[in-house]
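Scroll down for the structure; my scribbles are underneath it.
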Amino acid sequence: MQPYILLSILVVLAVGDPRMERKKASVQGPGHPAPASASSSQLIARYASCANDFQARCAHADPRNNFQVLLCLQRDTSVLEPSCHRVLWDFKKNMTLDIRLDATLSQSCSKEVKTHCSGVAPGKGLLIGCLMDKKREIADSHCHSMIQRMQMIVFSDYRFIRGFATACKADIAKLQCARVESLDSKTIRSNPEVKSQGSTIACLEDQIDKLSESCRKAVLKKEEAAGDDVHLDTALFGACKDVLTKFCADVVQKPGKMYDCLYQHKFDPAVTSECKHEIRRRQKVEAADYKVDYSFAKACNTEIQNHKCLKGTQDSTQFGKMAKILICLNEAYNEKGAKISPDCMARAMEVKERTIGDYELNHQLVDACQDAVMKYCRDEMANQKEGGVIDCLMDLRMETEENDVKTGKVSEECSSELEKLMDRVDPESDFHIDHALRSACMITITTKCGTKGEEDSKVFSCLMEKIDDSDMPNECRKHLFHLQYFISRNFKLDHALYKACRDDALQLCAAQIPVDSNDGEEKQGAQLPPQMTLACLYRQEINPSEDDHPKITKPCKEEVFRTLRERAISVKLNPTIEIACMEEMVKLCPDVIAENDADYEGVEFDCLQEKIDELPEEGECRAKISQWTQLEAKDATLDRSLMKACKKAIRLYCEGLAGKTDGELMSCLKQHKNDQGVSSQCKKKLEGFQEVEEKDKGFDYKLQKACKEEGQALCQDAKSRSDVLNCFADHFRNKKTRSSISVPCKDVLKIALLEMNENIKHDSGFFSACRDDSQKLCAGIEPGEGKIIECLRKQGTEGKLSAKCMKLLEEKEELEMNDPEVDYALQRSCSTAIATTCKRVKPAALLECLIKNKPLLDDIICQRLLTERQIEAGEDFRLDSYLRESCLKDIPKFCRDIPLKGTEMIKCLKEKFDTHKPLTPSCSKAIQQRERQVMDNPRLDAALYHACKSEEVLKECSEGGMNGDFLSCLKSFWLEKKKVKKVKDIASTKCVKELSRIMREGVADVHNDPLLFQQCALDLHKYCADVPFGSGKSRPDREG
C-alpha cells in the first residue's frame, strides 16, 4: 500500500470524514447538538457532551484529530461527564467494529494478516485483536505503528479486547472487580456510573493467582501486548503520570523503557502509594508471564528458546512463569556453562533485583509468610524499604521460638518459599541484585573487593573472606550472613563450588543435580538433598572410599575447603551440623548462641568441640562435630576465632601455610605457641584446640595420615590421641618394634610427642594419674611450657610422687632421655645451644653433647635444665642413655643380675671400674665422665645425695660444688673431722660409706680432681701424655 492511501484512510477514522461533517451540518444546522451515539467518522470535540471536558483538559489538542482528543480525554475517565464518557465509549466501539478499519489493517498489514490472521472474519473487531496478539512477531514499521495506536483505544476498556469479557465474566463478578457490561450502547447509557473499565483489568491483575485459567490467559495476553508502552496500561499510567513527568521525561522513547524507569524509582519517597501499588500490580503480572516484561522477553528470547525454558508449561507457546525462566537461565549459565548475551544477563539481573527487593511481588511467599510478617516485620512492611521485609524474614528464618528449639519463627512453608526465592534470584551471581547488601557493603566492596568486569562474580566470596575484619560495617555482615545462610542450603547457589564439584557430587554423593540422559532429556540425579551435598563431599575428604574407588578431585577439594572457610563463621551456615546439634547447642552452649550473631567467629563450633564428651556417644551431633574437628586439623583456617587471634603468629612463624589442607598450619602454630610475639589470646585458642584434639585419635590429621598403617598394626585399640602417642612411645622404647615404624611416621610422632609433653593436659592418662600429685606438689604452676611436668620430675627425684604417677613419669623420662627430640623442656630451654653447639650431632647423642659443653654455655636456664637431666639419670640407670649404650657389652658380663632400674647398676659398673675389671674402653670412658661430673656437683650422685642429704658435710660442700671444688671441700672437711676425732658426728653410716667412696673415686684419676687437674695441666701434658686415664696412674702424687 502506498503511504498516501494509508494516510487518507487513517484521516477518515482518526480525524473524521469531511463529507459526513458537511452533510450533517446542512441537515442539522449550525449549533445543533451532536447525536448521543457517536460515529467513528465524527469529530469528538464537536459533541456538546464533551465540549466542557475538551476545553478544560484538552484545549491543546487538535480538535480535528480524533486520536489526539480521544487519548487526552481518556487519560482519566473518572473525571469526565457521564454523557461524554458515553460518547467516547460509542466512538471506540464503532471504530473497532468499522469495516473500514479491517480494510485499513488488511492493507497496512497485508503480509501479517495473511500469515497470522487469514481466517478472521471482517467487521467484527476481531482482526485488530489478532494482530495485537502477534505484535511482537511483526517487523513492518507501518503495521506495527498502526497496531500501537489502536491499542491505546482498545486497552482503555476490557470489553474491546477480543474475547476478554467472555473469558473473565465470572472472575469479574466473583472478585467484585466491576459490573459486567455488554457492548450494547443502550446498556452503557443506562449505567452512567460505569466510567473506567481499565480499572477492572487492574483489579483482576491484583488477584491474578485467583483467576480462572481462561481469564488468566486473557489477562496475560492483554498485558503481553501492552508491555512495550506504558500508555497501554491505563491504570498504571493514570496513577503514575506525575512520576513519569518527574523522573522519566528524559527517557528515550523505546519500547519498555518507561516501565523500566518507573521500576527504578518505585521506592523513591516522591512516588505515591497509588503509583507504587500499580507498579507492583504490573510486576506481579510479569512474574506470572515473563513476556509481559517486554525488555526482558526481547533480550532473552534466544536463550529461552535455545535452552527450552518453556518446556513443561501448560501452554509453552504463550506463557512461562518468570521464576521458571530465571531458574532455567541460571542453570544454563552456572551448570552447563552456556553463553548468555550481556543484554539478557543485564535484564535478568534487573528482574532478580526487583524480585528480592519487593516482598509483595512474590505471592507464594506472601501467602506462606503472612503470619510471620504480621507478627515480626510490621515496621519493615510499613516503611516500604527496598528489601526490608524479605531481609526481616531471612533474619527470622535463622531463629527459633524461645521455648522450643525445634520450632522456628517462620513456618516450614515460609522457609521453603524463601529458599525458592533464593534459587530464582541466585544472589551470588551478582552483588548488585540485593539492594540491602549492595547498600550496606558498598564501602567494603569498593575498597577491598573491586567492582568491575569479571570481579563482580567474585565479590560475594571476597566479602565472606573479609566478614571478620574490624572495619566491615555491621549491617554489611548481617546482610551477607543472611544470604550465605540460604546459599549454604543449596549446593547449586555457590557457583565456584558447583562448577568444581558437580561431577564429584554426582559420582560420590548421588546428589540431586540435573543430568543429561542418553535421549537428551534432562533428569534429576539421585536422592541426596542439596543442603547435604557439601557435607557428603567433605566426608569423602575425611574418610575417602576404598583404594579402588574414585576420590574427590583436587579442584573440588580446593573449593570444598574454600567454602568451608567462608562458612566457618557460624554453625548456622553448616546445615547438617545445625540440624544435628540444635538441641545440644541450646542445652550446652546457650551463652554463645547470641554471641555468635555479633562476632561471626564460629563460637558455637568451639563450644560444641569443648563439650564433645558431653554429647551422646552414638549421637549424630557428636559424629558431625568430630568430622568438623578433623577438617579443622587439616585446615586451621576453618577455625575463624583461632585465625583472628593468631594473625600475628601466622605472619611471624607460619607465613604461606594458610589455606593449605595438609595440617601444616595447625602444626606450625602449635610448635610456636610459646614463642615470642604470639599473643595470649592465640595461645589460649591453641590450647583449647589441643585439649579437643586429645579426645580422639582422629583429630590429629598429620598423625593419622603419616602413621595410618602403623596405627592399625600396633595401636588399633587406642582411642584418644595421647593413647596412640603413648602406645607408639612404648614401641619407640622397644628396639624390635621401633624398626617397624616408618621414617615419615617417626618424624610426625616426634613432633606430636613434643606437643604432648608441653602440657600435662595433652596426655590424658598421665594427667589423670598425676592430678593429685600436681595439685599438691606443684600448686600455683600453670599448665603449659612443660612446667608442671618438670615440677613432677623434680619431685620424682625426691621420691615424693605416688606410685601410679611415678610409673608413668618414668616411662616418659625414659623415652625423652633416649630421644631428646621429644623432650619439650630441653628443646625449648636449650634451643640456641642445640642450633649452634650441637647442630651436627645425631639426635641420640644430643643430650650428652649438651652436658659435655654445659660449662661453655651462656644460657643459665639451659645449664640448670641439663643439671636436672643429669640428676634424673643418676637416679635411674635406664635414663642414662649414654652410659647404658657405652656399657652395653659390659652389663651382661659383669652386672648380669643387677636391675636396670634405680642406682644399683650404676654402682655395679663403678665398682668394676674402681677394681680394675676389664671394662670396654667405651664403658670405662663413660664411667670416668660420670665420676668427674659428680666432682662438679655432688647432687649428680644419687647414692651420695640420698645418704647424706641431711648431713652437714653435704650442705657445707654443695655450695662450692658447682664451682668445681666439692672434692677439696670434702677432703678438708674429712681431715678436719678426723683430726679432732669427730667423724662420728656424721650420724649416718651410709653417708660415711658414700663419702669414702667419693674420695676414692676422686683419687682414682687426676681428671676427677678439678683443682688438681687445673694446677697440673702443663705437667700432665709434658710428662704423662701417654698415660691412659683411670687407676690413678696419671696422678703426680702417686707412683708410676
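Residue numbering restarts at 1 in every chain; chains get A, B, ... in the order shown in the C-alpha cells, and ligands count up from 1 in that same order.
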
How close does each residue of region 286-404 of chain A get to region 253-271 of chain A, giving the shortest atom pair and distance in Å to one decimal for every residue with an atom at most 12 Å away, counting only C-alpha atoms, sorted by chain and residue number, as a Markdown table?
```
| residue | atom | partner | partner_atom | distance |
| --- | --- | --- | --- | --- |
| A:Glu286 | CA | A:Tyr259 | CA | 11.5 |
| A:Lys291 | CA | A:Gly256 | CA | 11.4 |
| A:Val292 | CA | A:Gly256 | CA | 9.9 |
| A:Asp293 | CA | A:Gly256 | CA | 7.7 |
| A:Tyr294 | CA | A:Gly256 | CA | 5.8 |
| A:Ser295 | CA | A:Gly256 | CA | 5.6 |
| A:Phe296 | CA | A:Gly256 | CA | 9.2 |
| A:Ala297 | CA | A:Gly256 | CA | 10.4 |
| A:Lys298 | CA | A:Gly256 | CA | 9.9 |
| A:Ala299 | CA | A:Gly256 | CA | 11.4 |
| A:Arg347 | CA | A:Asp260 | CA | 10.1 |
| A:Glu350 | CA | A:Asp260 | CA | 9.2 |
| A:Val351 | CA | A:Tyr263 | CA | 9.9 |
| A:Glu353 | CA | A:Gln264 | CA | 10.1 |
| A:Arg354 | CA | A:Tyr263 | CA | 7.9 |
| A:Thr355 | CA | A:Tyr263 | CA | 11.2 |
| A:Gly357 | CA | A:Phe267 | CA | 9.6 |
| A:Asp358 | CA | A:Phe267 | CA | 9.5 |
| A:Asn383 | CA | A:Phe267 | CA | 10.1 |
| A:Gln384 | CA | A:Phe267 | CA | 7.3 |
| A:Lys385 | CA | A:Phe267 | CA | 6.9 |
| A:Glu386 | CA | A:Phe267 | CA | 6.4 |
| A:Gly387 | CA | A:Phe267 | CA | 10.1 |
| A:Gly388 | CA | A:Phe267 | CA | 11.3 |
```

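Here the strand (DSSP E) residues in region 367-475 of chain A, by DSSP on the backbone, are Thr400, Glu401, Asp404, Val405, Lys406, Thr407 and Gly408 of chain A.
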
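Comparing the minimum interatomic distances between Val692 (chain A) and each of A:Cys849, A:Ala535, A:Ile612, A:Val373, counting only C-alpha atoms, we find that A:Ile612 sits nearest.
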
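Nearest residue to Arg149 (chain A) among A:Cys654, A:Ala752, A:Ile128, A:Leu665 is A:Ile128, counting only C-alpha atoms.
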
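If you look at CA of Asp102 (chain A) and CA of Asp133 (chain A), they are 15.6 Å away from each other.
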
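Around Pro855 (chain A), within 12 Å and counting only C-alpha atoms, the residues found are A:Ala833, A:Cys849, A:Leu850, A:Ile851, A:Lys852, A:Asp858, A:Asp859, A:Ile860, A:Cys862, A:Gln863, A:Arg864, A:Leu866, A:Thr867, A:Gln933, A:Asp936, A:Met962, A:Asn963, A:Gly964, once anything fewer than 3 positions away on its own chain is removed.
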
If you keep N, CA and C atoms, can you produce a file of those selected residues as a PDB file, in the first residue's frame?
```
ATOM      1  N   ALA A 833      71.658 -23.553  72.030  1.00  0.00           N
ATOM      2  CA  ALA A 833      72.793 -24.482  72.078  1.00  0.00           C
ATOM      3  C   ALA A 833      72.596 -25.634  71.102  1.00  0.00           C
ATOM      4  N   CYS A 849      75.958 -34.346  74.275  1.00  0.00           N
ATOM      5  CA  CYS A 849      76.683 -33.214  73.707  1.00  0.00           C
ATOM      6  C   CYS A 849      76.440 -31.956  74.534  1.00  0.00           C
ATOM      7  N   LEU A 850      75.202 -31.727  74.883  1.00  0.00           N
ATOM      8  CA  LEU A 850      74.874 -30.537  75.668  1.00  0.00           C
ATOM      9  C   LEU A 850      75.506 -30.602  77.058  1.00  0.00           C
ATOM     10  N   ILE A 851      75.468 -31.804  77.667  1.00  0.00           N
ATOM     11  CA  ILE A 851      76.062 -31.957  79.001  1.00  0.00           C
ATOM     12  C   ILE A 851      77.566 -31.739  78.944  1.00  0.00           C
ATOM     13  N   LYS A 852      78.185 -32.280  77.938  1.00  0.00           N
ATOM     14  CA  LYS A 852      79.633 -32.139  77.779  1.00  0.00           C
ATOM     15  C   LYS A 852      80.029 -30.675  77.651  1.00  0.00           C
ATOM     16  N   ASP A 858      76.300 -20.100  77.676  1.00  0.00           N
ATOM     17  CA  ASP A 858      75.999 -18.811  78.305  1.00  0.00           C
ATOM     18  C   ASP A 858      74.600 -18.791  78.919  1.00  0.00           C
ATOM     19  N   ASP A 859      73.778 -19.755  78.534  1.00  0.00           N
ATOM     20  CA  ASP A 859      72.377 -19.772  78.957  1.00  0.00           C
ATOM     21  C   ASP A 859      72.238 -20.518  80.272  1.00  0.00           C
ATOM     22  N   ILE A 860      72.006 -19.788  81.348  1.00  0.00           N
ATOM     23  CA  ILE A 860      71.901 -20.411  82.667  1.00  0.00           C
ATOM     24  C   ILE A 860      70.664 -21.285  82.791  1.00  0.00           C
ATOM     25  N   CYS A 862      69.365 -23.124  80.410  1.00  0.00           N
ATOM     26  CA  CYS A 862      69.725 -24.402  79.785  1.00  0.00           C
ATOM     27  C   CYS A 862      70.642 -25.199  80.711  1.00  0.00           C
ATOM     28  N   GLN A 863      71.610 -24.525  81.345  1.00  0.00           N
ATOM     29  CA  GLN A 863      72.520 -25.222  82.258  1.00  0.00           C
ATOM     30  C   GLN A 863      71.764 -25.885  83.403  1.00  0.00           C
ATOM     31  N   ARG A 864      70.816 -25.161  83.961  1.00  0.00           N
ATOM     32  CA  ARG A 864      70.039 -25.711  85.065  1.00  0.00           C
ATOM     33  C   ARG A 864      69.215 -26.910  84.621  1.00  0.00           C
ATOM     34  N   LEU A 866      69.901 -28.932  82.170  1.00  0.00           N
ATOM     35  CA  LEU A 866      70.817 -30.046  81.922  1.00  0.00           C
ATOM     36  C   LEU A 866      71.226 -30.705  83.241  1.00  0.00           C
ATOM     37  N   THR A 867      71.419 -29.904  84.252  1.00  0.00           N
ATOM     38  CA  THR A 867      71.736 -30.466  85.571  1.00  0.00           C
ATOM     39  C   THR A 867      70.590 -31.330  86.075  1.00  0.00           C
ATOM     40  N   GLN A 933      81.873 -35.613  86.608  1.00  0.00           N
ATOM     41  CA  GLN A 933      80.707 -34.729  86.720  1.00  0.00           C
ATOM     42  C   GLN A 933      80.215 -34.646  88.167  1.00  0.00           C
ATOM     43  N   ASP A 936      81.972 -32.130  90.116  1.00  0.00           N
ATOM     44  CA  ASP A 936      81.465 -30.778  89.869  1.00  0.00           C
ATOM     45  C   ASP A 936      80.202 -30.507  90.678  1.00  0.00           C
ATOM     46  N   MET A 962      79.252 -26.538  92.492  1.00  0.00           N
ATOM     47  CA  MET A 962      79.093 -26.093  91.113  1.00  0.00           C
ATOM     48  C   MET A 962      80.345 -25.359  90.623  1.00  0.00           C
ATOM     49  N   ASN A 963      81.177 -24.925  91.568  1.00  0.00           N
ATOM     50  CA  ASN A 963      82.403 -24.208  91.177  1.00  0.00           C
ATOM     51  C   ASN A 963      83.589 -25.148  91.027  1.00  0.00           C
ATOM     52  N   GLY A 964      83.347 -26.424  91.207  1.00  0.00           N
ATOM     53  CA  GLY A 964      84.392 -27.405  90.942  1.00  0.00           C
ATOM     54  C   GLY A 964      85.301 -27.719  92.110  1.00  0.00           C
TER      55      GLY A 964
END
```

Long-range neighbours of Asp880 (chain A) as a compact mmCIF listing (two decimals) with N, CA, C and O atoms, in the first residue's frame, 9 Å cut-off, only C-alpha atoms, 3 positions minimum in chain:
```txt
# COMPACT_ATOMS: atom_id res chain seq x y z
N GLU A 814 62.14 -41.99 80.38
CA GLU A 814 62.97 -42.93 79.62
C GLU A 814 62.92 -42.63 78.13
O GLU A 814 63.94 -42.63 77.44
N MET A 817 64.85 -39.29 77.52
CA MET A 817 66.30 -39.44 77.67
C MET A 817 66.91 -40.16 76.47
O MET A 817 67.99 -39.83 76.00
N ASN A 818 66.18 -41.14 75.97
CA ASN A 818 66.67 -41.90 74.83
C ASN A 818 66.48 -41.14 73.51
O ASN A 818 67.19 -41.40 72.54
N GLN A 870 70.78 -34.58 84.38
CA GLN A 870 71.87 -35.39 84.95
C GLN A 870 71.45 -36.02 86.28
O GLN A 870 71.76 -37.18 86.56
N GLU A 872 68.40 -36.77 87.17
CA GLU A 872 67.45 -37.84 86.87
C GLU A 872 68.18 -39.10 86.39
O GLU A 872 67.83 -40.22 86.78
N ALA A 873 69.21 -38.90 85.56
CA ALA A 873 69.99 -40.05 85.07
C ALA A 873 70.73 -40.72 86.21
O ALA A 873 70.89 -41.95 86.24
N GLY A 874 71.17 -39.94 87.19
CA GLY A 874 71.84 -40.52 88.34
C GLY A 874 70.91 -41.30 89.23
O GLY A 874 71.33 -42.21 89.96
N ASP A 876 68.33 -43.11 88.03
CA ASP A 876 67.81 -44.31 87.36
C ASP A 876 68.69 -44.58 86.14
O ASP A 876 68.75 -43.78 85.20
N PHE A 877 69.35 -45.73 86.17
CA PHE A 877 70.27 -46.09 85.10
C PHE A 877 69.58 -46.11 83.73
O PHE A 877 70.19 -45.81 82.71
N LEU A 883 75.53 -43.77 79.13
CA LEU A 883 76.20 -44.80 79.92
C LEU A 883 75.70 -46.19 79.55
O LEU A 883 76.48 -47.14 79.43
N ARG A 884 74.42 -46.28 79.33
CA ARG A 884 73.84 -47.59 79.00
C ARG A 884 74.35 -48.10 77.66
O ARG A 884 74.71 -49.26 77.51
N GLU A 885 74.39 -47.24 76.66
CA GLU A 885 74.88 -47.64 75.35
C GLU A 885 76.39 -47.93 75.40
O GLU A 885 76.88 -48.86 74.74
```

Quick one: DSSP alpha helix (DSSP H) residues in region 278-501 of chain A, as a PyMOL selection string?
chain A and resi 278-288+294-306+322-330+342-357+363-376+378-383+388-397+412-425+435-444+459-465+474-487+495-501

Env of Glu413 (chain A): 10 Å cut, atoms = only C-alpha atoms, seq-sep filter 4 positions within chain, self excluded. Answer as a PyMOL selection string.
chain A and resi 364-365+367-369+417-419

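We find CA of Lys222 (chain A) and CA of Arg280 (chain A) to be spaced 17.1 Å apart.
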
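If you look at CA of Thr200 (chain A) and CA of Gly238 (chain A), they are 13.7 Å away from each other.
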